[in-house]
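Listing of structure_32.cif, mmCIF, N, CA and C atoms
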data_start
#
loop_
_atom_site.label_atom_id
_atom_site.label_comp_id
_atom_site.auth_asym_id
_atom_site.auth_seq_id
_atom_site.Cartn_x
_atom_site.Cartn_y
_atom_site.Cartn_z
N MET U 17 -18.01 -6.56 18.73
CA MET U 17 -16.66 -7.05 18.87
C MET U 17 -16.03 -6.34 20.07
N ASP U 18 -15.40 -7.13 20.93
CA ASP U 18 -14.79 -6.50 22.10
C ASP U 18 -13.35 -6.09 21.81
N ILE U 19 -12.77 -5.38 22.77
CA ILE U 19 -11.42 -4.83 22.61
C ILE U 19 -10.39 -5.94 22.40
N LYS U 20 -10.57 -7.07 23.06
CA LYS U 20 -9.63 -8.18 22.92
C LYS U 20 -9.60 -8.71 21.48
N ASP U 21 -10.79 -8.83 20.87
CA ASP U 21 -10.87 -9.26 19.47
C ASP U 21 -10.26 -8.21 18.55
N SER U 22 -10.49 -6.95 18.85
CA SER U 22 -9.92 -5.86 18.05
C SER U 22 -8.41 -5.90 18.10
N GLN U 23 -7.87 -6.15 19.27
CA GLN U 23 -6.42 -6.22 19.43
C GLN U 23 -5.84 -7.41 18.66
N ALA U 24 -6.55 -8.53 18.68
CA ALA U 24 -6.09 -9.71 17.94
C ALA U 24 -6.08 -9.43 16.43
N LEU U 25 -7.12 -8.77 15.92
CA LEU U 25 -7.15 -8.41 14.51
C LEU U 25 -6.05 -7.41 14.16
N TYR U 26 -5.78 -6.50 15.07
CA TYR U 26 -4.70 -5.53 14.85
C TYR U 26 -3.37 -6.26 14.71
N GLU U 27 -3.13 -7.22 15.56
CA GLU U 27 -1.88 -7.97 15.49
C GLU U 27 -1.78 -8.76 14.18
N VAL U 28 -2.89 -9.30 13.71
CA VAL U 28 -2.92 -9.99 12.42
C VAL U 28 -2.61 -9.00 11.30
N ALA U 29 -3.21 -7.82 11.37
CA ALA U 29 -2.98 -6.79 10.35
C ALA U 29 -1.49 -6.43 10.28
N ILE U 30 -0.87 -6.30 11.43
CA ILE U 30 0.55 -5.93 11.47
C ILE U 30 1.41 -7.05 10.91
N ARG U 31 1.19 -8.27 11.37
CA ARG U 31 2.03 -9.41 10.93
C ARG U 31 1.79 -9.77 9.47
N CYS U 32 0.54 -9.84 9.07
CA CYS U 32 0.22 -10.34 7.72
C CYS U 32 0.34 -9.27 6.64
N PHE U 33 0.06 -8.04 6.98
CA PHE U 33 0.06 -7.00 5.96
C PHE U 33 1.24 -6.03 6.10
N ARG U 34 1.36 -5.36 7.24
CA ARG U 34 2.42 -4.36 7.34
C ARG U 34 3.81 -4.97 7.25
N ASP U 35 4.04 -6.05 7.98
CA ASP U 35 5.38 -6.65 7.97
C ASP U 35 5.75 -7.23 6.61
N THR U 36 4.80 -7.85 5.92
CA THR U 36 5.10 -8.37 4.58
C THR U 36 5.21 -7.22 3.57
N ALA U 37 4.49 -6.14 3.79
CA ALA U 37 4.63 -4.95 2.94
C ALA U 37 6.03 -4.38 3.08
N ASP U 38 6.56 -4.38 4.28
CA ASP U 38 7.94 -3.92 4.48
C ASP U 38 8.91 -4.75 3.64
N GLN U 39 8.68 -6.05 3.58
CA GLN U 39 9.54 -6.92 2.78
C GLN U 39 9.38 -6.63 1.29
N ASP U 40 8.14 -6.39 0.85
CA ASP U 40 7.91 -6.02 -0.55
C ASP U 40 8.60 -4.70 -0.88
N TYR U 41 8.61 -3.79 0.06
CA TYR U 41 9.27 -2.49 -0.13
C TYR U 41 10.77 -2.70 -0.35
N ILE U 42 11.37 -3.51 0.49
CA ILE U 42 12.79 -3.81 0.34
C ILE U 42 13.05 -4.49 -1.01
N HIS U 43 12.19 -5.43 -1.36
CA HIS U 43 12.33 -6.12 -2.65
C HIS U 43 12.21 -5.14 -3.81
N ALA U 44 11.27 -4.22 -3.74
CA ALA U 44 11.09 -3.23 -4.81
C ALA U 44 12.35 -2.38 -4.96
N ARG U 45 12.92 -1.96 -3.85
CA ARG U 45 14.13 -1.14 -3.92
C ARG U 45 15.30 -1.92 -4.52
N LEU U 46 15.42 -3.19 -4.13
CA LEU U 46 16.49 -4.03 -4.70
C LEU U 46 16.26 -4.24 -6.20
N ALA U 47 15.03 -4.47 -6.59
CA ALA U 47 14.71 -4.67 -8.00
C ALA U 47 15.04 -3.41 -8.81
N TYR U 48 14.69 -2.25 -8.26
CA TYR U 48 14.98 -0.99 -8.95
C TYR U 48 16.48 -0.82 -9.14
N ARG U 49 17.20 -1.09 -8.09
CA ARG U 49 18.66 -0.93 -8.14
C ARG U 49 19.32 -1.85 -9.17
N ASN U 50 18.68 -2.99 -9.43
CA ASN U 50 19.22 -3.96 -10.37
C ASN U 50 18.52 -3.94 -11.73
N ASN U 51 17.82 -2.84 -12.01
CA ASN U 51 17.15 -2.64 -13.30
C ASN U 51 16.13 -3.73 -13.64
N LEU U 52 15.46 -4.23 -12.66
CA LEU U 52 14.40 -5.23 -12.85
C LEU U 52 13.06 -4.49 -12.77
N THR U 53 12.74 -3.79 -13.83
CA THR U 53 11.60 -2.88 -13.83
C THR U 53 10.27 -3.56 -13.54
N PRO U 54 9.92 -4.69 -14.21
CA PRO U 54 8.63 -5.30 -13.88
C PRO U 54 8.53 -5.72 -12.41
N GLN U 55 9.62 -6.24 -11.87
CA GLN U 55 9.62 -6.65 -10.46
C GLN U 55 9.54 -5.45 -9.53
N PHE U 56 10.20 -4.34 -9.92
CA PHE U 56 10.10 -3.11 -9.14
C PHE U 56 8.66 -2.62 -9.09
N LEU U 57 8.01 -2.55 -10.25
CA LEU U 57 6.64 -2.05 -10.30
C LEU U 57 5.68 -2.96 -9.54
N TRP U 58 5.84 -4.27 -9.72
CA TRP U 58 4.94 -5.23 -9.07
C TRP U 58 5.12 -5.21 -7.55
N SER U 59 6.36 -5.22 -7.09
CA SER U 59 6.60 -5.19 -5.64
C SER U 59 6.17 -3.86 -5.02
N SER U 60 6.32 -2.78 -5.77
CA SER U 60 5.85 -1.48 -5.29
C SER U 60 4.34 -1.50 -5.10
N LEU U 61 3.63 -2.04 -6.09
CA LEU U 61 2.18 -2.15 -5.98
C LEU U 61 1.79 -3.01 -4.79
N HIS U 62 2.42 -4.18 -4.66
CA HIS U 62 2.09 -5.08 -3.54
C HIS U 62 2.36 -4.42 -2.20
N CYS U 63 3.47 -3.74 -2.11
CA CYS U 63 3.83 -3.05 -0.87
C CYS U 63 2.74 -2.06 -0.46
N LEU U 64 2.37 -1.17 -1.35
CA LEU U 64 1.38 -0.14 -1.02
C LEU U 64 -0.01 -0.73 -0.82
N GLU U 65 -0.30 -1.77 -1.58
CA GLU U 65 -1.58 -2.47 -1.42
C GLU U 65 -1.69 -3.07 -0.02
N LYS U 66 -0.63 -3.73 0.43
CA LYS U 66 -0.66 -4.37 1.75
C LYS U 66 -0.71 -3.34 2.87
N TYR U 67 -0.01 -2.22 2.71
CA TYR U 67 -0.13 -1.16 3.72
C TYR U 67 -1.58 -0.67 3.80
N SER U 68 -2.21 -0.47 2.65
CA SER U 68 -3.59 0.03 2.67
C SER U 68 -4.55 -1.00 3.27
N LYS U 69 -4.31 -2.28 3.02
CA LYS U 69 -5.15 -3.32 3.62
C LYS U 69 -4.90 -3.42 5.12
N CYS U 70 -3.67 -3.20 5.54
CA CYS U 70 -3.37 -3.18 6.98
C CYS U 70 -4.15 -2.06 7.66
N ILE U 71 -4.17 -0.90 7.04
CA ILE U 71 -4.89 0.24 7.60
C ILE U 71 -6.37 -0.10 7.78
N LEU U 72 -6.96 -0.74 6.78
CA LEU U 72 -8.38 -1.11 6.89
C LEU U 72 -8.61 -2.13 8.00
N LEU U 73 -7.84 -3.22 8.00
CA LEU U 73 -8.03 -4.27 8.99
C LEU U 73 -7.76 -3.76 10.41
N ALA U 74 -6.72 -2.98 10.57
CA ALA U 74 -6.38 -2.45 11.90
C ALA U 74 -7.51 -1.60 12.47
N ASN U 75 -8.30 -1.02 11.59
CA ASN U 75 -9.39 -0.16 12.02
C ASN U 75 -10.77 -0.79 11.81
N LEU U 76 -10.77 -2.11 11.62
CA LEU U 76 -11.99 -2.90 11.52
C LEU U 76 -12.91 -2.42 10.40
N ILE U 77 -12.31 -2.05 9.27
CA ILE U 77 -13.07 -1.60 8.11
C ILE U 77 -13.01 -2.71 7.07
N LYS U 78 -14.18 -3.17 6.62
CA LYS U 78 -14.22 -4.25 5.64
C LYS U 78 -13.67 -3.76 4.31
N GLY U 79 -12.81 -4.58 3.70
CA GLY U 79 -12.20 -4.19 2.44
C GLY U 79 -11.96 -5.35 1.51
N LYS U 80 -12.72 -6.40 1.68
CA LYS U 80 -12.52 -7.61 0.88
C LYS U 80 -12.66 -7.34 -0.62
N GLU U 81 -13.53 -6.42 -0.98
CA GLU U 81 -13.79 -6.13 -2.40
C GLU U 81 -12.73 -5.24 -3.03
N ILE U 82 -11.77 -4.76 -2.27
CA ILE U 82 -10.77 -3.81 -2.76
C ILE U 82 -9.83 -4.43 -3.80
N SER U 83 -9.48 -5.70 -3.67
CA SER U 83 -8.59 -6.40 -4.60
C SER U 83 -7.20 -5.79 -4.58
N HIS U 84 -6.62 -5.53 -5.76
CA HIS U 84 -5.24 -5.02 -5.84
C HIS U 84 -5.19 -3.50 -5.96
N ASN U 85 -6.24 -2.83 -5.58
CA ASN U 85 -6.27 -1.38 -5.73
C ASN U 85 -6.01 -0.68 -4.41
N ILE U 86 -5.18 0.32 -4.48
CA ILE U 86 -4.76 1.07 -3.30
C ILE U 86 -5.71 2.25 -3.05
N SER U 87 -5.99 3.00 -4.09
CA SER U 87 -6.81 4.21 -3.95
C SER U 87 -8.17 3.95 -3.32
N PRO U 88 -8.91 2.92 -3.74
CA PRO U 88 -10.20 2.68 -3.10
C PRO U 88 -10.08 2.35 -1.60
N ALA U 89 -9.01 1.66 -1.23
CA ALA U 89 -8.81 1.34 0.20
C ALA U 89 -8.54 2.61 0.99
N ILE U 90 -7.71 3.48 0.45
CA ILE U 90 -7.42 4.74 1.13
C ILE U 90 -8.68 5.59 1.23
N ASN U 91 -9.44 5.66 0.14
CA ASN U 91 -10.69 6.44 0.14
C ASN U 91 -11.68 5.89 1.17
N LYS U 92 -11.76 4.57 1.25
CA LYS U 92 -12.68 3.94 2.20
C LYS U 92 -12.28 4.27 3.64
N PHE U 93 -10.98 4.20 3.93
CA PHE U 93 -10.49 4.55 5.27
C PHE U 93 -10.80 6.00 5.59
N GLU U 94 -10.49 6.90 4.67
CA GLU U 94 -10.71 8.32 4.92
C GLU U 94 -12.19 8.63 5.14
N LYS U 95 -13.04 8.00 4.36
CA LYS U 95 -14.49 8.23 4.51
C LYS U 95 -15.00 7.67 5.84
N HIS U 96 -14.51 6.48 6.21
CA HIS U 96 -14.98 5.81 7.41
C HIS U 96 -14.52 6.50 8.69
N THR U 97 -13.30 7.05 8.68
CA THR U 97 -12.71 7.60 9.90
C THR U 97 -12.64 9.12 9.93
N ASN U 98 -12.88 9.77 8.80
CA ASN U 98 -12.69 11.22 8.69
C ASN U 98 -11.25 11.62 8.99
N VAL U 99 -10.31 10.72 8.73
CA VAL U 99 -8.88 10.99 8.86
C VAL U 99 -8.31 11.01 7.45
N SER U 100 -7.64 12.09 7.08
CA SER U 100 -7.06 12.19 5.75
C SER U 100 -5.60 11.77 5.78
N LEU U 101 -5.21 10.94 4.81
CA LEU U 101 -3.81 10.54 4.68
C LEU U 101 -2.98 11.65 4.05
N ASN U 102 -3.62 12.66 3.53
CA ASN U 102 -2.93 13.79 2.91
C ASN U 102 -1.93 13.32 1.85
N ILE U 103 -2.40 12.46 0.98
CA ILE U 103 -1.57 11.94 -0.10
C ILE U 103 -1.27 13.08 -1.08
N SER U 104 0.01 13.29 -1.36
CA SER U 104 0.39 14.36 -2.29
C SER U 104 0.01 13.97 -3.72
N ASP U 105 -0.07 14.95 -4.58
CA ASP U 105 -0.47 14.71 -5.97
C ASP U 105 0.51 13.78 -6.69
N ASP U 106 1.81 13.96 -6.46
CA ASP U 106 2.78 13.10 -7.15
C ASP U 106 2.69 11.65 -6.66
N VAL U 107 2.40 11.45 -5.39
CA VAL U 107 2.21 10.10 -4.88
C VAL U 107 0.93 9.50 -5.43
N SER U 108 -0.13 10.29 -5.49
CA SER U 108 -1.38 9.82 -6.06
C SER U 108 -1.19 9.40 -7.52
N ASP U 109 -0.45 10.19 -8.27
CA ASP U 109 -0.16 9.85 -9.67
C ASP U 109 0.66 8.56 -9.77
N PHE U 110 1.62 8.39 -8.87
CA PHE U 110 2.44 7.18 -8.85
C PHE U 110 1.58 5.95 -8.55
N ILE U 111 0.69 6.07 -7.59
CA ILE U 111 -0.22 4.98 -7.24
C ILE U 111 -1.11 4.63 -8.44
N ASN U 112 -1.64 5.65 -9.10
CA ASN U 112 -2.47 5.41 -10.29
C ASN U 112 -1.67 4.70 -11.37
N LYS U 113 -0.42 5.09 -11.54
CA LYS U 113 0.45 4.44 -12.53
C LYS U 113 0.63 2.97 -12.18
N LEU U 114 0.89 2.68 -10.91
CA LEU U 114 1.08 1.28 -10.49
C LEU U 114 -0.19 0.47 -10.71
N GLU U 115 -1.33 1.05 -10.36
CA GLU U 115 -2.61 0.34 -10.53
C GLU U 115 -2.89 0.09 -12.02
N GLU U 116 -2.58 1.05 -12.85
CA GLU U 116 -2.79 0.90 -14.29
C GLU U 116 -1.86 -0.17 -14.87
N ARG U 117 -0.60 -0.15 -14.44
CA ARG U 117 0.38 -1.12 -14.96
C ARG U 117 0.05 -2.54 -14.50
N ALA U 118 -0.65 -2.69 -13.41
CA ALA U 118 -0.99 -4.02 -12.92
C ALA U 118 -1.86 -4.78 -13.91
N LYS U 119 -2.62 -4.04 -14.70
CA LYS U 119 -3.47 -4.68 -15.71
C LYS U 119 -2.64 -5.37 -16.79
N TYR U 120 -1.39 -4.93 -16.93
CA TYR U 120 -0.52 -5.43 -18.01
C TYR U 120 0.70 -6.17 -17.46
N ARG U 121 0.54 -6.86 -16.36
CA ARG U 121 1.69 -7.50 -15.72
C ARG U 121 2.24 -8.69 -16.48
N TYR U 122 1.53 -9.19 -17.47
CA TYR U 122 1.99 -10.37 -18.20
C TYR U 122 2.62 -10.00 -19.53
N LEU U 123 3.34 -8.89 -19.54
CA LEU U 123 4.15 -8.45 -20.67
C LEU U 123 3.35 -8.20 -21.95
N THR U 124 2.11 -7.81 -21.81
CA THR U 124 1.33 -7.46 -22.98
C THR U 124 1.68 -6.06 -23.48
N VAL U 125 2.31 -5.26 -22.62
CA VAL U 125 2.87 -3.97 -23.00
C VAL U 125 4.23 -3.84 -22.33
N SER U 126 5.03 -2.92 -22.81
CA SER U 126 6.36 -2.71 -22.22
C SER U 126 6.24 -2.04 -20.86
N ASN U 127 7.10 -2.45 -19.96
CA ASN U 127 7.18 -1.79 -18.66
C ASN U 127 8.33 -0.81 -18.69
N MET U 128 8.11 0.32 -18.05
CA MET U 128 9.20 1.28 -17.93
C MET U 128 9.08 2.02 -16.62
N SER U 129 10.22 2.47 -16.17
CA SER U 129 10.30 3.21 -14.93
C SER U 129 11.21 4.40 -15.18
N PHE U 130 10.97 5.45 -14.45
CA PHE U 130 11.78 6.66 -14.60
C PHE U 130 12.66 6.83 -13.37
N GLY U 131 13.67 7.64 -13.51
CA GLY U 131 14.65 7.83 -12.44
C GLY U 131 14.05 8.26 -11.12
N TYR U 132 12.96 9.00 -11.16
CA TYR U 132 12.35 9.49 -9.92
C TYR U 132 11.36 8.51 -9.31
N ASP U 133 11.11 7.37 -9.95
CA ASP U 133 10.14 6.40 -9.41
C ASP U 133 10.58 5.85 -8.06
N ILE U 134 11.86 5.69 -7.85
CA ILE U 134 12.32 5.18 -6.55
C ILE U 134 12.03 6.22 -5.46
N PHE U 135 12.21 7.48 -5.80
CA PHE U 135 11.87 8.56 -4.87
C PHE U 135 10.37 8.55 -4.57
N LEU U 136 9.56 8.34 -5.62
CA LEU U 136 8.11 8.31 -5.41
C LEU U 136 7.68 7.10 -4.59
N LEU U 137 8.35 5.97 -4.76
CA LEU U 137 8.05 4.81 -3.91
C LEU U 137 8.35 5.16 -2.46
N ASP U 138 9.54 5.70 -2.21
CA ASP U 138 9.90 6.07 -0.83
C ASP U 138 8.90 7.06 -0.24
N LYS U 139 8.51 8.04 -1.02
CA LYS U 139 7.55 9.05 -0.56
C LYS U 139 6.18 8.42 -0.30
N SER U 140 5.78 7.49 -1.16
CA SER U 140 4.50 6.79 -0.99
C SER U 140 4.49 5.98 0.29
N VAL U 141 5.56 5.25 0.52
CA VAL U 141 5.66 4.45 1.75
C VAL U 141 5.60 5.37 2.97
N HIS U 142 6.31 6.47 2.90
CA HIS U 142 6.31 7.42 4.02
C HIS U 142 4.91 7.96 4.30
N GLN U 143 4.17 8.27 3.24
CA GLN U 143 2.85 8.87 3.42
C GLN U 143 1.77 7.87 3.82
N ILE U 144 1.96 6.58 3.51
CA ILE U 144 0.92 5.59 3.78
C ILE U 144 1.22 4.73 5.01
N ARG U 145 2.46 4.27 5.15
CA ARG U 145 2.79 3.30 6.21
C ARG U 145 2.49 3.83 7.61
N ARG U 146 2.66 5.09 7.82
CA ARG U 146 2.45 5.66 9.16
C ARG U 146 1.02 5.53 9.65
N TYR U 147 0.09 5.22 8.75
CA TYR U 147 -1.31 5.04 9.13
C TYR U 147 -1.65 3.57 9.42
N CYS U 148 -0.65 2.72 9.43
CA CYS U 148 -0.87 1.30 9.77
C CYS U 148 -0.96 1.16 11.28
N GLN U 149 -2.02 1.71 11.82
CA GLN U 149 -2.25 1.70 13.26
C GLN U 149 -3.74 1.80 13.52
N GLN U 150 -4.12 1.55 14.76
CA GLN U 150 -5.51 1.68 15.13
C GLN U 150 -5.82 3.13 15.46
N PHE U 151 -6.95 3.59 15.01
CA PHE U 151 -7.39 4.92 15.32
C PHE U 151 -8.53 4.95 16.32
N SER U 152 -9.25 3.85 16.44
CA SER U 152 -10.36 3.81 17.37
C SER U 152 -10.85 2.38 17.55
N PHE U 153 -11.35 2.08 18.73
CA PHE U 153 -12.02 0.79 18.97
C PHE U 153 -13.53 0.94 18.88
N ASP U 154 -14.00 2.15 18.61
CA ASP U 154 -15.43 2.43 18.59
C ASP U 154 -16.06 2.07 17.25
N LYS U 155 -16.18 0.81 16.97
CA LYS U 155 -16.77 0.38 15.70
C LYS U 155 -18.05 -0.36 15.96
#

Written as structure tokens, that's how I'd like the structure from this file.
Amino acid sequence: MDIKDSQALYEVAIRCFRDTADQDYIHARLAYRNNLTPQFLWSSLHCLEKYSKCILLANLIKGKEISHNISPAINKFEKHTNVSLNISDDVSDFINKLEERAKYRYLTVSNMSFGYDIFLLDKSVHQIRRYCQQFSFDK
């Protein structure tokens, strides 16, 4: 793949994943503010999922099998590039909570959110979104 193709894929990653993740982030914050807990949790998951997929695509790392999981995408990026996202333990726990809750999105169990979840969403976005960029064309 030449640099021109890499740049085209990078632009797709930004438009299709990062930019729509930004919208999901805004939606999650609005949902939280209006006590719409299932929508907050779902949009938070989608937001972080799309950022992680953007990171993979921007760096030409295949991630089709990742599905709705954030942690495997981050692990795959870190292994492939030897770049650590330095995800804090509380953010990692929040991501695990979102991934676990996704299994029950059709109201088979109660959804709940805690007062600090909005802070953890903001912190998660801060720690992940900044990696939505190309690190190398040497693939």

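The interatomic distance for the pair CA of Cys70 (chain U) and atom C of Ala29 (chain U) works out to 5.0 Å.
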
Within 6 Å of region 47-63 of chain U, counting only C-alpha atoms, which residues show up once you throw out same-chain ones fewer than 6 positions away? Write them as a PDB file with N, CA and C atoms, in the frame of the given file, please.
ATOM      1  N   ALA U  37       4.490  -6.140   3.790  1.00  0.00           N
ATOM      2  CA  ALA U  37       4.630  -4.950   2.940  1.00  0.00           C
ATOM      3  C   ALA U  37       6.030  -4.380   3.080  1.00  0.00           C
ATOM      4  N   ASP U  40       8.140  -6.390   0.850  1.00  0.00           N
ATOM      5  CA  ASP U  40       7.910  -6.020  -0.550  1.00  0.00           C
ATOM      6  C   ASP U  40       8.600  -4.700  -0.880  1.00  0.00           C
ATOM      7  N   TYR U  41       8.610  -3.790   0.060  1.00  0.00           N
ATOM      8  CA  TYR U  41       9.270  -2.490  -0.130  1.00  0.00           C
ATOM      9  C   TYR U  41      10.770  -2.700  -0.350  1.00  0.00           C
ATOM     10  N   LEU U 114       0.890   2.680 -10.910  1.00  0.00           N
ATOM     11  CA  LEU U 114       1.080   1.280 -10.490  1.00  0.00           C
ATOM     12  C   LEU U 114      -0.190   0.470 -10.710  1.00  0.00           C
TER      13      LEU U 114
END

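Counting from CA of Cys32 (chain U), the distance to CA of Tyr132 (chain U) is 29.2 Å.
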
Using only C-alpha atoms for the distances, tell me which of U:Phe110, U:Tyr67, U:Phe93, U:Phe135 is nearest to Cys148 (chain U). U:Tyr67

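Applied to the file shown here, the PyMOL selection byres (((chain U and resi 68 and name CA) around 9) and name CA) selects Phe33, Arg34, Cys63, Leu64, Glu65, Lys66, Tyr67, Lys69, Cys70, Ile71, Leu72, Leu73, Asn85, Ile86, Ser87, Ala89, Ile90, Phe93, Ile144, Arg145, Tyr147 and Cys148 of chain U.
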
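Going from CA of Gln149 (chain U) over to CA of Arg117 (chain U), you cover 28.5 Å.
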
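Distance annotation: of U:Asn75, U:Val141, U:Ile134, U:Ile30, the residue with the minimal separation from Thr97 (chain U) is U:Asn75; atom set is only C-alpha atoms.
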
Could you go through chain U and tell me which residues DSSP, when run on the backbone, assigns to alpha helix (DSSP H), listing them as number ranges by chain? U: 19-28, 35-49, 53-74, 87-97, 105-118, 133-145

With all atoms listed in the file as the counted atoms, please give the residues lying no more than 7 Å from Val107 (chain U), apart from itself and same-chain residues fewer than 6 positions off, as a PyMOL selection string. chain U and resi 136+139-140

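When only C-alpha atoms are used to measure the gap to Pro88 (chain U), the shortest distance among U:Ser22, U:Gln143, U:Thr36, U:Ser108 belongs to U:Ser108.
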
With 8 Å added on each side, what axis-aligned box encloses every listed atom of region 42-47 of chain U? Give the centre and edge lengths in Å to one decimal, as JSON.
{"center_x": 13.8, "center_y": -3.6, "center_z": -4.2, "size_x": 21.4, "size_y": 21.0, "size_z": 25.3}

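Candidate residues U:Ala118, U:Ala74, U:Ala44, U:Leu101 were compared for distance to Leu25 (chain U), and the nearest is U:Ala74, using only N, CA and C atoms.
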